[in-house]
$ cat final.cif   # mmCIF, C-alpha atoms
data_query
loop_
_atom_site.label_atom_id
_atom_site.label_comp_id
_atom_site.auth_asym_id
_atom_site.auth_seq_id
_atom_site.Cartn_x
_atom_site.Cartn_y
_atom_site.Cartn_z
CA MET C 286 11.88 -24.96 2.83
CA ALA C 287 10.19 -27.52 0.60
CA ARG C 288 7.35 -26.02 -1.38
CA GLU C 289 5.05 -28.97 -0.63
CA LEU C 290 4.72 -28.17 3.07
CA ARG C 291 1.05 -27.65 3.83
CA ARG C 292 0.16 -24.15 4.96
CA VAL C 293 -1.79 -23.04 8.01
CA LEU C 294 -2.87 -19.44 8.49
CA ILE C 295 -2.26 -18.21 12.06
CA ALA C 296 -3.42 -14.73 13.09
CA PRO C 297 -0.39 -12.43 13.51
CA GLU C 298 -1.33 -11.42 17.06
CA ARG C 299 -0.88 -15.04 18.12
CA LEU C 300 2.68 -15.11 16.80
CA GLN C 301 4.13 -11.66 17.43
CA ALA C 302 5.28 -12.26 21.03
CA LEU C 303 6.89 -15.66 20.40
CA GLY C 304 10.59 -16.19 21.07
CA PRO C 305 12.82 -18.55 19.04
CA GLU C 306 11.27 -22.04 18.91
CA GLN C 307 8.75 -21.09 21.58
CA CYS C 308 5.57 -23.19 21.50
CA PHE C 309 2.15 -21.74 20.78
CA PRO C 310 -1.28 -23.36 21.29
CA LEU C 311 -3.30 -24.55 18.34
CA LEU C 312 -6.99 -23.78 18.01
CA LEU C 313 -9.37 -26.71 17.86
CA GLU C 314 -9.94 -26.36 14.12
CA GLU C 315 -6.17 -26.27 13.55
CA GLN C 316 -5.72 -29.37 15.69
CA ARG C 317 -8.40 -31.20 13.70
CA TYR C 318 -6.91 -30.14 10.37
CA LEU C 319 -3.38 -31.25 11.26
CA ALA C 320 -4.32 -34.47 13.04
CA LYS C 321 -7.46 -35.64 11.23
CA VAL C 322 -7.09 -34.23 7.71
CA LEU C 323 -3.31 -34.30 7.27
CA ARG C 324 -2.75 -37.12 9.81
CA PHE C 325 0.24 -35.31 11.29
CA GLY C 326 1.89 -36.30 14.54
CA PRO C 327 4.60 -34.82 16.75
CA GLY C 328 7.70 -33.95 14.73
CA ASP C 329 5.87 -33.41 11.44
CA ARG C 330 6.55 -30.09 9.77
CA PHE C 331 4.22 -27.67 8.06
CA ALA C 332 4.27 -24.03 6.95
CA VAL C 333 2.76 -21.16 8.92
CA ILE C 334 1.66 -17.90 7.31
CA ASN C 335 0.38 -14.90 9.22
CA GLY C 336 -1.49 -13.15 6.40
CA CYS C 337 0.90 -10.19 6.67
CA GLY C 338 3.67 -11.34 4.35
CA ALA C 339 5.58 -13.80 6.57
CA LEU C 340 6.10 -17.55 6.16
CA TRP C 341 7.76 -19.91 8.64
CA THR C 342 8.64 -23.55 8.85
CA ALA C 343 6.80 -24.96 11.87
CA GLU C 344 6.83 -28.25 13.74
CA LEU C 345 4.01 -30.03 15.51
CA VAL C 346 5.11 -30.60 19.12
CA THR C 347 1.98 -32.22 20.54
CA ALA C 348 -1.58 -32.53 19.29
CA GLU C 349 -2.30 -29.16 20.93
CA GLN C 350 0.95 -27.23 20.36
CA ALA C 351 3.37 -26.27 17.60
CA ARG C 352 6.49 -24.14 17.33
CA LEU C 353 8.08 -21.95 14.69
CA LEU C 354 11.49 -23.14 13.49
CA ALA C 355 12.65 -20.66 10.87
CA LEU C 356 11.40 -17.57 9.06
CA GLU C 357 11.55 -18.45 5.37
CA GLN C 358 10.01 -15.39 3.69
CA GLN C 359 8.93 -11.85 4.55
CA LEU C 360 7.31 -9.99 1.66
CA GLU C 361 6.17 -6.40 1.38
CA PRO C 362 2.50 -5.93 0.46
CA PRO C 363 1.88 -5.89 -3.28
CA ARG C 364 1.60 -2.51 -4.94
CA PRO C 365 -0.60 -1.19 -6.35
CA SER C 366 -3.33 -2.66 -4.21
CA LEU C 367 -6.13 -4.25 -6.24
CA VAL C 368 -9.63 -3.44 -4.95
CA LEU C 369 -12.77 -5.21 -6.13
CA ALA C 370 -16.15 -3.75 -5.20
CA ALA C 371 -18.54 -6.56 -6.14
CA ALA C 372 -22.30 -6.56 -5.75
CA VAL C 373 -23.51 -9.36 -3.50
CA VAL C 374 -25.30 -11.98 -5.60
CA LYS C 375 -27.74 -14.67 -4.55
CA ARG C 376 -25.87 -17.88 -5.25
CA ASP C 377 -22.32 -17.30 -6.41
CA PHE C 378 -20.82 -14.77 -4.03
CA GLU C 379 -18.76 -17.34 -2.15
CA VAL C 380 -17.31 -18.44 -5.50
CA VAL C 381 -16.51 -14.80 -6.30
CA ILE C 382 -14.64 -14.47 -2.99
CA ARG C 383 -12.60 -17.62 -3.54
CA MET C 384 -11.68 -16.74 -7.12
CA ALA C 385 -10.89 -13.14 -6.22
CA VAL C 386 -8.42 -14.26 -3.56
CA GLU C 387 -6.80 -16.71 -5.96
CA LEU C 388 -6.49 -13.97 -8.58
CA GLY C 389 -4.74 -11.58 -6.18
CA VAL C 390 -7.36 -9.18 -4.85
CA ASP C 391 -6.04 -7.13 -1.91
CA ARG C 392 -9.32 -5.62 -0.75
CA LEU C 393 -12.79 -6.94 -1.45
CA ILE C 394 -15.89 -4.82 -0.79
CA PRO C 395 -19.29 -6.55 -0.90
CA LEU C 396 -21.66 -4.00 -2.43
CA LEU C 397 -25.30 -3.46 -1.55
CA CYS C 398 -27.02 -1.85 -4.54
CA GLU C 399 -30.56 -0.86 -5.46
CA ARG C 400 -31.07 -4.13 -7.32
CA THR C 401 -29.20 -6.41 -4.92
CA ALA C 402 -31.24 -9.58 -4.36
CA VAL C 403 -29.87 -11.57 -1.44
CA GLN C 404 -31.31 -14.79 -0.04
CA GLY C 405 -30.74 -15.19 3.70
CA GLN C 406 -28.31 -13.31 5.89
CA LEU C 407 -25.04 -11.76 4.81
CA ARG C 408 -22.46 -14.17 6.25
CA LEU C 409 -19.37 -12.03 6.76
CA GLU C 410 -17.52 -14.46 9.05
CA ARG C 411 -18.09 -17.33 6.64
CA TRP C 412 -16.88 -15.15 3.76
CA ARG C 413 -13.71 -14.33 5.70
CA SER C 414 -13.16 -18.02 6.43
CA ILE C 415 -13.46 -18.80 2.72
CA ALA C 416 -10.96 -16.04 1.93
CA ALA C 417 -8.49 -17.46 4.46
CA GLU C 418 -8.83 -20.98 3.04
CA ALA C 419 -8.30 -19.66 -0.48
CA ALA C 420 -5.18 -17.75 0.61
CA GLU C 421 -3.72 -20.93 2.10
CA GLN C 422 -4.57 -22.95 -0.99
CA CYS C 423 -3.10 -20.53 -3.53
CA GLU C 424 0.03 -19.93 -1.42
CA ARG C 425 -0.24 -16.17 -1.09
CA LEU C 426 1.36 -14.55 1.93
CA TRP C 427 -0.87 -11.48 2.26
CA LEU C 428 -4.45 -12.14 3.31
CA PRO C 429 -6.81 -9.78 1.51
CA GLN C 430 -8.99 -7.41 3.48
CA LEU C 431 -12.65 -8.42 3.23
CA GLU C 432 -14.86 -5.55 4.29
CA ALA C 433 -18.30 -5.68 5.83
CA PRO C 434 -21.01 -5.11 3.19
CA MET C 435 -21.24 -1.46 2.20
CA ALA C 436 -23.90 0.65 0.52
CA LEU C 437 -22.83 1.87 -2.89
CA PRO C 438 -22.80 5.62 -2.05
CA ASP C 439 -20.27 4.94 0.72
CA VAL C 440 -17.94 3.27 -1.77
CA LEU C 441 -18.27 5.83 -4.55
CA THR C 442 -16.80 8.68 -2.51
CA PRO C 443 -13.04 8.51 -3.20
CA SER C 444 -10.41 8.96 -0.52
CA ARG C 445 -7.63 11.48 -0.97
CA ASP C 446 -5.01 8.86 -1.82
CA ALA C 447 -7.26 6.73 -4.02
CA GLY C 448 -5.96 5.66 -7.39
CA PRO C 449 -8.02 5.20 -10.56
CA ALA C 450 -11.49 3.69 -10.09
CA PHE C 451 -13.26 1.83 -12.91
CA TRP C 452 -16.98 1.22 -13.24
CA ALA C 453 -17.89 -1.90 -15.23
CA THR C 454 -21.06 -1.18 -17.16
CA THR C 455 -22.90 -1.81 -20.40
CA ARG C 456 -24.50 1.65 -20.46
CA SER C 457 -22.88 5.06 -20.34
CA PRO C 458 -23.61 8.58 -21.58
CA VAL C 459 -19.98 8.73 -22.70
CA PRO C 460 -18.25 6.22 -25.01
CA LEU C 461 -17.05 3.14 -23.20
CA ILE C 462 -13.49 1.91 -23.42
CA ALA C 463 -12.25 -1.58 -22.69
CA LEU C 464 -10.84 -2.20 -19.22
CA GLY C 465 -7.50 -3.22 -20.70
CA GLU C 466 -7.25 0.04 -22.64
CA ALA C 467 -8.13 2.03 -19.53
CA LEU C 468 -5.50 0.21 -17.49
CA ALA C 469 -2.84 0.94 -20.09
CA ALA C 470 -3.36 4.65 -19.40
CA VAL C 471 -2.92 4.34 -15.61
CA PRO C 472 0.07 6.30 -14.22
CA ASP C 473 3.19 4.37 -13.29
CA ASP C 474 2.79 4.22 -9.51
CA PRO C 475 -0.80 4.34 -8.22
CA SER C 476 -1.40 3.24 -4.65
CA THR C 477 -4.62 1.44 -5.51
CA VAL C 478 -6.64 0.45 -8.56
CA THR C 479 -10.35 -0.24 -8.05
CA VAL C 480 -13.04 -1.83 -10.18
CA ALA C 481 -16.75 -2.03 -9.35
CA CYS C 482 -19.09 -4.68 -10.75
CA GLY C 483 -22.86 -4.45 -10.41
CA PRO C 484 -25.70 -6.71 -9.33
CA GLU C 485 -27.99 -9.04 -11.20
CA GLY C 486 -30.17 -6.74 -13.25
CA GLY C 487 -27.41 -4.17 -13.61
CA TRP C 488 -26.83 -0.75 -12.12
CA SER C 489 -29.82 1.53 -11.76
CA PRO C 490 -29.84 4.84 -13.69
CA GLN C 491 -29.36 6.66 -10.38
CA GLU C 492 -26.28 4.56 -9.57
CA GLU C 493 -24.83 5.18 -13.02
CA ALA C 494 -25.29 8.91 -12.48
CA MET C 495 -23.70 8.79 -9.00
CA ALA C 496 -20.65 6.95 -10.33
CA GLN C 497 -20.20 9.45 -13.14
CA ALA C 498 -20.52 12.38 -10.74
CA ALA C 499 -17.94 10.80 -8.40
CA GLY C 500 -15.40 10.54 -11.21
CA TRP C 501 -15.41 6.78 -11.77
CA ILE C 502 -14.26 5.74 -15.24
CA PRO C 503 -16.86 3.66 -17.14
CA VAL C 504 -15.39 0.60 -18.85
CA ASP C 505 -16.73 -2.46 -20.60
CA LEU C 506 -15.59 -6.04 -20.08
CA GLY C 507 -16.19 -7.31 -23.60
CA PRO C 508 -18.85 -7.73 -26.26
CA ARG C 509 -21.18 -10.01 -24.26
CA ILE C 510 -23.47 -9.45 -21.29
CA LEU C 511 -21.91 -11.25 -18.32
CA ARG C 512 -23.49 -12.59 -15.17
CA SER C 513 -22.64 -10.46 -12.16
CA SER C 514 -20.32 -13.09 -10.68
CA THR C 515 -18.61 -13.66 -14.04
CA ALA C 516 -18.10 -9.92 -14.49
CA SER C 517 -16.34 -9.66 -11.12
CA VAL C 518 -13.95 -12.47 -11.97
CA ALA C 519 -13.34 -11.15 -15.50
CA ALA C 520 -12.58 -7.66 -14.19
CA LEU C 521 -10.12 -8.98 -11.62
CA VAL C 522 -8.40 -11.14 -14.24
CA GLY C 523 -7.79 -7.92 -16.14
CA LEU C 524 -6.43 -6.07 -13.09
CA SER C 525 -4.24 -8.96 -11.98
CA GLY C 526 -2.78 -9.49 -15.44
CA TRP C 527 -2.08 -5.76 -15.78
CA ARG C 528 -0.30 -5.61 -12.42
CA GLY C 529 1.72 -8.71 -13.23
CA SER C 530 2.86 -7.45 -16.61
CA ARG C 531 3.69 -3.93 -15.42
CA PHE C 532 4.98 -4.53 -11.89
CA GLY C 533 5.86 -8.23 -11.87
CA LEU C 534 3.48 -9.09 -8.99
#

$ encode --input "final.cif" --output "structure tokens"
Amino acid sequence: MARELRRVLIAPERLQALGPEQCFPLLLEEQRYLAKVLRFGPGDRFAVINGCGALWTAELVTAEQARLLALEQQLEPPRPSLVLAAAVVKRDFEVVIRMAVELGVDRLIPLLCERTAVQGQLRLERWRSIAAEAAEQCERLWLPQLEAPMALPDVLTPSRDAGPAFWATTRSPVPLIALGEALAAVPDDPSTVTVACGPEGGWSPQEEAMAQAAGWIPVDLGPRILRSSTASVAALVGLSGWRGSRFGL
């Protein structure tokens, strides 16, 4: 399949019962995108991804229907899974979401911290729409999981199968090591690797103490004080580069 085919993300439950070349209905926003933005008509081909590792060639049948022609790729989920727990910030959180998806995050947890300062409502559905658009744009086949906002104590408690968890900070009662150095010491086959980045104003002393008690590894992201949104992106650049160099993903 030609790489330049434009991609449309279709929820897997809408595709799982389809037979060979069976038609499926398009949602109104999909119809508008194909007809108005791309100016496609019947017979034009595009790519369909389901967010679960599969990619098909598809054909527009009518303005309201399309059909799958051929399965082109089916990828296993990347391993280890990269998890970013990022404090919700006032202005840049949508940018953080988009960049995190482009950089390969597999699970994104919006954090609510003691010093979180949010203007307006937390817009989870909009955030998920932005993540889906970013996944289409950067041509990834697995849609990352974007959680509902969580309070920090709920995130700090590790699960039994959790891999190493890093705590980006500028203060610590123990000597800080660089994130890259900490990643170099990670065992060969963790299931997940997590990094947490704090809010504008930084972590509170109580949050720092909770993270230390929960076994999170304090790391620094460089010699300068970064904005919260910049820190999240910088941390994920480190995780993504480490996974790519070690595991080829």

$ residues_around --input "final.cif" --residues "Val380 in chain C" --least-positions-apart "4" --cutoff "12 Å" --atoms "all atoms listed in the file" --output "number ranges by chain"
C: 371, 373-376, 384-387, 412, 415-416, 419, 513-515, 517-518

$ resolve_selection --input "final.cif" --expression "the PyMOL selection byres ((chain C and resi 449) around 8)" --output "PyMOL selection string"
chain C and resi 447-448+450-451+471+475+477-479+501-502

$ residues_around --input "final.cif" --residues "Glu492 in chain C" --least-positions-apart "2" --cutoff "9 Å" --atoms "only C-alpha atoms" --output "MDAnalysis selection string"
chainID C and resid 398:399 437:438 488:490 494:497

$ closest_atom_pairs --input "final.cif" --of "range 392-458 of chain C" --to "range 290-305 of chain C" --cutoff "10 Å" --atoms "all atoms listed in the file" --output "Markdown table"
| residue | atom | partner | partner_atom | distance |
| --- | --- | --- | --- | --- |
| C:Ala417 | CA | C:Leu294 | CA | 7.2 |
| C:Glu418 | CA | C:Leu294 | CA | 8.2 |
| C:Ala420 | CA | C:Leu294 | CA | 8.4 |
| C:Glu421 | CA | C:Arg292 | CA | 5.8 |
| C:Gln422 | CA | C:Arg292 | CA | 7.7 |
| C:Cys423 | CA | C:Arg292 | CA | 9.8 |
| C:Glu424 | CA | C:Arg292 | CA | 7.7 |
| C:Leu426 | CA | C:Leu294 | CA | 9.2 |
| C:Leu428 | CA | C:Leu294 | CA | 9.1 |

$ resolve_selection --input "final.cif" --expression "the PyMOL selection byres ((chain C and resi 308) around 9)" --output "list in words"
Leu303, Gly304, Pro305, Glu306, Gln307, Phe309, Pro310, Val346, Gln350, Ala351, Arg352 and Leu353 of chain C

$ build_atoms --input "final.cif" --residues "range 396-410 of chain C" --atoms "N, CA, C and O atoms" --output "mmCIF file, in the coordinates of the input"
data_model
loop_
_atom_site.group_PDB
_atom_site.id
_atom_site.type_symbol
_atom_site.label_atom_id
_atom_site.label_comp_id
_atom_site.auth_asym_id
_atom_site.auth_seq_id
_atom_site.Cartn_x
_atom_site.Cartn_y
_atom_site.Cartn_z
ATOM 1 N N LEU C 396 -20.821 -5.166 -2.170
ATOM 2 C CA LEU C 396 -21.660 -4.000 -2.430
ATOM 3 C C LEU C 396 -23.137 -4.329 -2.245
ATOM 4 O O LEU C 396 -23.616 -5.378 -2.689
ATOM 5 N N LEU C 397 -23.846 -3.403 -1.623
ATOM 6 C CA LEU C 397 -25.300 -3.460 -1.550
ATOM 7 C C LEU C 397 -25.860 -2.367 -2.451
ATOM 8 O O LEU C 397 -25.641 -1.174 -2.200
ATOM 9 N N CYS C 398 -26.550 -2.782 -3.507
ATOM 10 C CA CYS C 398 -27.020 -1.850 -4.540
ATOM 11 C C CYS C 398 -28.547 -1.840 -4.569
ATOM 12 O O CYS C 398 -29.213 -2.614 -3.882
ATOM 13 N N GLU C 399 -29.102 -0.957 -5.374
ATOM 14 C CA GLU C 399 -30.560 -0.860 -5.460
ATOM 15 C C GLU C 399 -31.183 -2.174 -5.907
ATOM 16 O O GLU C 399 -32.280 -2.529 -5.458
ATOM 17 N N ARG C 400 -30.505 -2.898 -6.771
ATOM 18 C CA ARG C 400 -31.070 -4.130 -7.320
ATOM 19 C C ARG C 400 -30.436 -5.389 -6.717
ATOM 20 O O ARG C 400 -30.554 -6.470 -7.277
ATOM 21 N N THR C 401 -29.768 -5.239 -5.586
ATOM 22 C CA THR C 401 -29.200 -6.410 -4.920
ATOM 23 C C THR C 401 -30.336 -7.314 -4.437
ATOM 24 O O THR C 401 -31.261 -6.861 -3.773
ATOM 25 N N ALA C 402 -30.252 -8.583 -4.799
ATOM 26 C CA ALA C 402 -31.240 -9.580 -4.360
ATOM 27 C C ALA C 402 -30.506 -10.661 -3.609
ATOM 28 O O ALA C 402 -29.803 -11.479 -4.207
ATOM 29 N N VAL C 403 -30.633 -10.652 -2.281
ATOM 30 C CA VAL C 403 -29.870 -11.570 -1.440
ATOM 31 C C VAL C 403 -30.830 -12.510 -0.729
ATOM 32 O O VAL C 403 -31.815 -12.067 -0.142
ATOM 33 N N GLN C 404 -30.520 -13.805 -0.775
ATOM 34 C CA GLN C 404 -31.310 -14.790 -0.040
ATOM 35 C C GLN C 404 -30.610 -15.089 1.284
ATOM 36 O O GLN C 404 -29.458 -15.493 1.303
ATOM 37 N N GLY C 405 -31.336 -14.905 2.400
ATOM 38 C CA GLY C 405 -30.740 -15.190 3.700
ATOM 39 C C GLY C 405 -29.866 -14.057 4.190
ATOM 40 O O GLY C 405 -29.812 -12.965 3.618
ATOM 41 N N GLN C 406 -29.134 -14.323 5.256
ATOM 42 C CA GLN C 406 -28.310 -13.310 5.890
ATOM 43 C C GLN C 406 -26.973 -13.164 5.172
ATOM 44 O O GLN C 406 -26.494 -14.085 4.506
ATOM 45 N N LEU C 407 -26.386 -11.986 5.313
ATOM 46 C CA LEU C 407 -25.040 -11.760 4.810
ATOM 47 C C LEU C 407 -24.062 -12.379 5.807
ATOM 48 O O LEU C 407 -24.029 -11.999 6.973
ATOM 49 N N ARG C 408 -23.259 -13.315 5.358
ATOM 50 C CA ARG C 408 -22.460 -14.170 6.250
ATOM 51 C C ARG C 408 -20.998 -13.744 6.209
ATOM 52 O O ARG C 408 -20.151 -14.422 5.624
ATOM 53 N N LEU C 409 -20.699 -12.611 6.843
ATOM 54 C CA LEU C 409 -19.370 -12.030 6.760
ATOM 55 C C LEU C 409 -18.300 -12.973 7.315
ATOM 56 O O LEU C 409 -17.230 -13.132 6.707
ATOM 57 N N GLU C 410 -18.541 -13.583 8.463
ATOM 58 C CA GLU C 410 -17.520 -14.460 9.050
ATOM 59 C C GLU C 410 -17.261 -15.664 8.160
ATOM 60 O O GLU C 410 -16.113 -16.108 8.034
#
